[in-house]
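Read the structure below first, then the notes.
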Protein chains: 2
Amino acid sequence: MEGAGGLSTSLRRGTLEFCVLALMERGDQYGTELVRQLGAERNLAISEGTIYPLLSRLRRSGWVETTWRESPSGPPRRYYSLTPSGSSVLQHFRREWAVFRDTVDRIVGTDSP
Amino acid sequence: MEGAGGLSTSLRRGTLEFCVLALMERGDQYGTELVRQLGAERNLAISEGTIYPLLSRLRRSGWVETTWRESPSGPPRRYYSLTPSGSSVLQHFRREWAVFRDTVDRIVGTDSP
């Protein structure tokens with residue numbers, strides 16, 4: 001039971017990792033840049049304390065891999081990129097998401113009856 | 001971490017109770033009829049062992065109320081209907097859902113790049 005306040009943590013938790021994979025699909029990412037991009041979406045805003053454990057899990061799952069690269073300013077950055085396995089997982093989620101979204105839209109609707 | 005198989009339990013958990021409230025908005029419902037309607041949606045199929053605890057929680061939250069009614073066949077049925085508070089919660093979720101759905105659509109997309 002999530003209560004009436006705010007969007008449920010469950011929904012957020014069920015999509016965040018796939019949103020992160022989707023951002024990597026657009027190009028390799030480093031942690032603080034991911035935090036910045038997700039922070040632009042009020043439903044997905046996360047802290048660095050959340051993103052790094054999430055990225056570690058994605059890496060242990062074999063869905064992302066990392067490389068160190070020079071930064072134009074400051075120390076080298078660890079970049080995260082999608083592996084073929086991560087890409088496949090993302091495609092799978094994308095299909096499942098479309099079905100799930102349409103189901104909830106159909107039942108819950110978006111307008112008052 | 002939900003893994004690659006099936007839609008995440010988190011997503012389902014975050015929406016199921018609101019789908020149940022939305023079905024009640026169309027008219028009073030009894031338990032087995034709710035199970036039947038949700039079962040028509042592959043992402044939301046639940047058993048009677050799941051629906052009754054969920055309905056109890058909704059009742060304790062004050063979002064639904066119950067009445068016993070005669071059944072055309074068999075014993076009386078307990079009908080569940082939306083309270084004004086439940087209706088308000090549903091409207092709130094409906095707005096939050098629309099924003100969340102659009103966010104995930106925008107980031108994850110529905111087609112391969």
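We label chains A, B, ... in the order they appear in the structure tokens, count residues from 1 in each chain, and number ligands from 1 in the order shown.
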>> Going by DSSP on the backbone, which residues of chain B come out as alpha helix (DSSP H)? List them as a ChimeraX atom specification.
In response: /B:9-25,31-39,48-60,84-108
> Taking the backbone alone, and naming residues the way the document does, which bits of stretch 21-97 of chain B are strand (DSSP E) by DSSP, as an NGL selection string?
Replying inline: :B and (29-30 or 64-69 or 77-82)
For C-alpha atoms, I'd like the residues from the last selection saved as a PDB file, in the first residue's frame.
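Everything below was put into selection-v1.pdb:
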```pdb
ATOM      1  CA  GLN B  29     -17.583  -4.975  -7.620  1.00  0.00           C
ATOM      2  CA  TYR B  30     -17.330  -8.260  -5.804  1.00  0.00           C
ATOM      3  CA  VAL B  64     -13.535   1.389  -0.242  1.00  0.00           C
ATOM      4  CA  GLU B  65     -16.592   0.277   1.696  1.00  0.00           C
ATOM      5  CA  THR B  66     -18.569  -2.931   1.533  1.00  0.00           C
ATOM      6  CA  THR B  67     -22.172  -4.032   1.462  1.00  0.00           C
ATOM      7  CA  TRP B  68     -23.689  -7.497   1.350  1.00  0.00           C
ATOM      8  CA  ARG B  69     -26.140  -8.136  -1.434  1.00  0.00           C
ATOM      9  CA  ARG B  77     -21.998 -11.423  -2.097  1.00  0.00           C
ATOM     10  CA  ARG B  78     -19.879  -8.753  -0.503  1.00  0.00           C
ATOM     11  CA  TYR B  79     -19.718  -5.782  -2.863  1.00  0.00           C
ATOM     12  CA  TYR B  80     -16.953  -3.208  -2.731  1.00  0.00           C
ATOM     13  CA  SER B  81     -17.502   0.408  -3.684  1.00  0.00           C
ATOM     14  CA  LEU B  82     -15.331   3.491  -3.835  1.00  0.00           C
TER      15      LEU B  82
END
```
>> Can you tell me which residues surround stretch 35-51 of chain B at a distance of at most 9 Å, considering only C-alpha atoms, apart from same-chain residues fewer than 3 positions away, and format the answer as a ChimeraX atom specification?
In response: /A:99-100,103 /B:7,12,15-16,19-20,23,30-32,54-56
Filtering to N, CA, C and O atoms, could you give me those residues as a compact mmCIF listing (two decimals), in the first residue's frame?
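Wrote again-v1.txt, looks like this:
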```txt
# COMPACT_ATOMS: atom_id res chain seq x y z
N VAL A 99 3.31 -2.82 -23.26
CA VAL A 99 2.11 -3.59 -22.95
C VAL A 99 1.56 -3.17 -21.59
O VAL A 99 0.36 -2.93 -21.43
N PHE A 100 2.45 -3.03 -20.61
CA PHE A 100 2.05 -2.65 -19.25
C PHE A 100 1.40 -1.26 -19.26
O PHE A 100 0.32 -1.06 -18.69
N THR A 103 -2.01 -1.33 -20.69
CA THR A 103 -2.96 -1.97 -19.77
C THR A 103 -3.43 -0.98 -18.70
O THR A 103 -4.63 -0.84 -18.45
N LEU B 7 7.78 -8.68 -16.68
CA LEU B 7 7.72 -7.32 -16.18
C LEU B 7 7.92 -7.35 -14.68
O LEU B 7 7.51 -8.25 -13.99
N ARG B 12 4.10 -3.87 -11.20
CA ARG B 12 2.78 -4.43 -10.99
C ARG B 12 2.25 -4.01 -9.61
O ARG B 12 1.12 -3.58 -9.46
N THR B 15 0.85 -0.47 -9.22
CA THR B 15 -0.35 -0.04 -9.93
C THR B 15 -1.59 -0.85 -9.61
O THR B 15 -2.71 -0.36 -9.82
N LEU B 16 -1.40 -2.05 -9.10
CA LEU B 16 -2.54 -2.96 -8.95
C LEU B 16 -3.69 -2.37 -8.13
O LEU B 16 -4.85 -2.43 -8.53
N CYS B 19 -5.61 0.09 -10.09
CA CYS B 19 -6.44 -0.56 -11.11
C CYS B 19 -7.72 -1.10 -10.47
O CYS B 19 -8.80 -1.00 -11.04
N VAL B 20 -7.60 -1.63 -9.26
CA VAL B 20 -8.77 -2.14 -8.56
C VAL B 20 -9.74 -0.99 -8.24
O VAL B 20 -10.94 -1.08 -8.45
N LEU B 23 -11.56 0.02 -11.37
CA LEU B 23 -12.65 -0.88 -11.75
C LEU B 23 -13.90 -0.59 -10.90
O LEU B 23 -15.02 -0.64 -11.40
N TYR B 30 -17.61 -7.25 -6.82
CA TYR B 30 -17.33 -8.26 -5.80
C TYR B 30 -16.04 -8.97 -6.18
O TYR B 30 -15.58 -8.89 -7.33
N GLY B 31 -15.45 -9.64 -5.19
CA GLY B 31 -14.09 -10.15 -5.33
C GLY B 31 -13.81 -11.00 -6.56
O GLY B 31 -12.89 -10.72 -7.33
N THR B 32 -14.64 -12.02 -6.77
CA THR B 32 -14.33 -12.92 -7.89
C THR B 32 -14.49 -12.22 -9.23
O THR B 32 -13.81 -12.56 -10.20
N LEU B 54 -5.73 -7.49 -0.46
CA LEU B 54 -5.64 -6.14 -1.04
C LEU B 54 -6.93 -5.35 -0.75
O LEU B 54 -6.88 -4.18 -0.34
N LEU B 55 -8.07 -6.00 -0.92
CA LEU B 55 -9.34 -5.32 -0.63
C LEU B 55 -9.45 -4.95 0.84
O LEU B 55 -9.97 -3.88 1.18
N SER B 56 -8.94 -5.80 1.72
CA SER B 56 -8.95 -5.47 3.16
C SER B 56 -8.11 -4.24 3.44
O SER B 56 -8.50 -3.38 4.23
```
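Between B:Arg94 and the residues B:Leu34, B:Leu21, B:Ile107, B:Leu58, the shortest atom-to-atom distance, using only C-alpha atoms, involves B:Leu21.
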>> Residues within 10 Å of A:Asp102, please, as a PyMOL selection string. Count only C-alpha atoms; anything in the same chain fewer than 6 positions from it doesn't count.
In response: (chain A and resi 108-109) or (chain B and resi 101)
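Closest to B:Phe93 among A:Met24, A:Leu11, A:Arg59, A:Glu70 is A:Leu11, based on only C-alpha atoms.
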>> One decimal, in Å: what's the spacing between atom CA of B:Leu90 and atom CA of B:Glu33?
In response: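 Rounded to one decimal, the two atoms are 19.8 Å apart.
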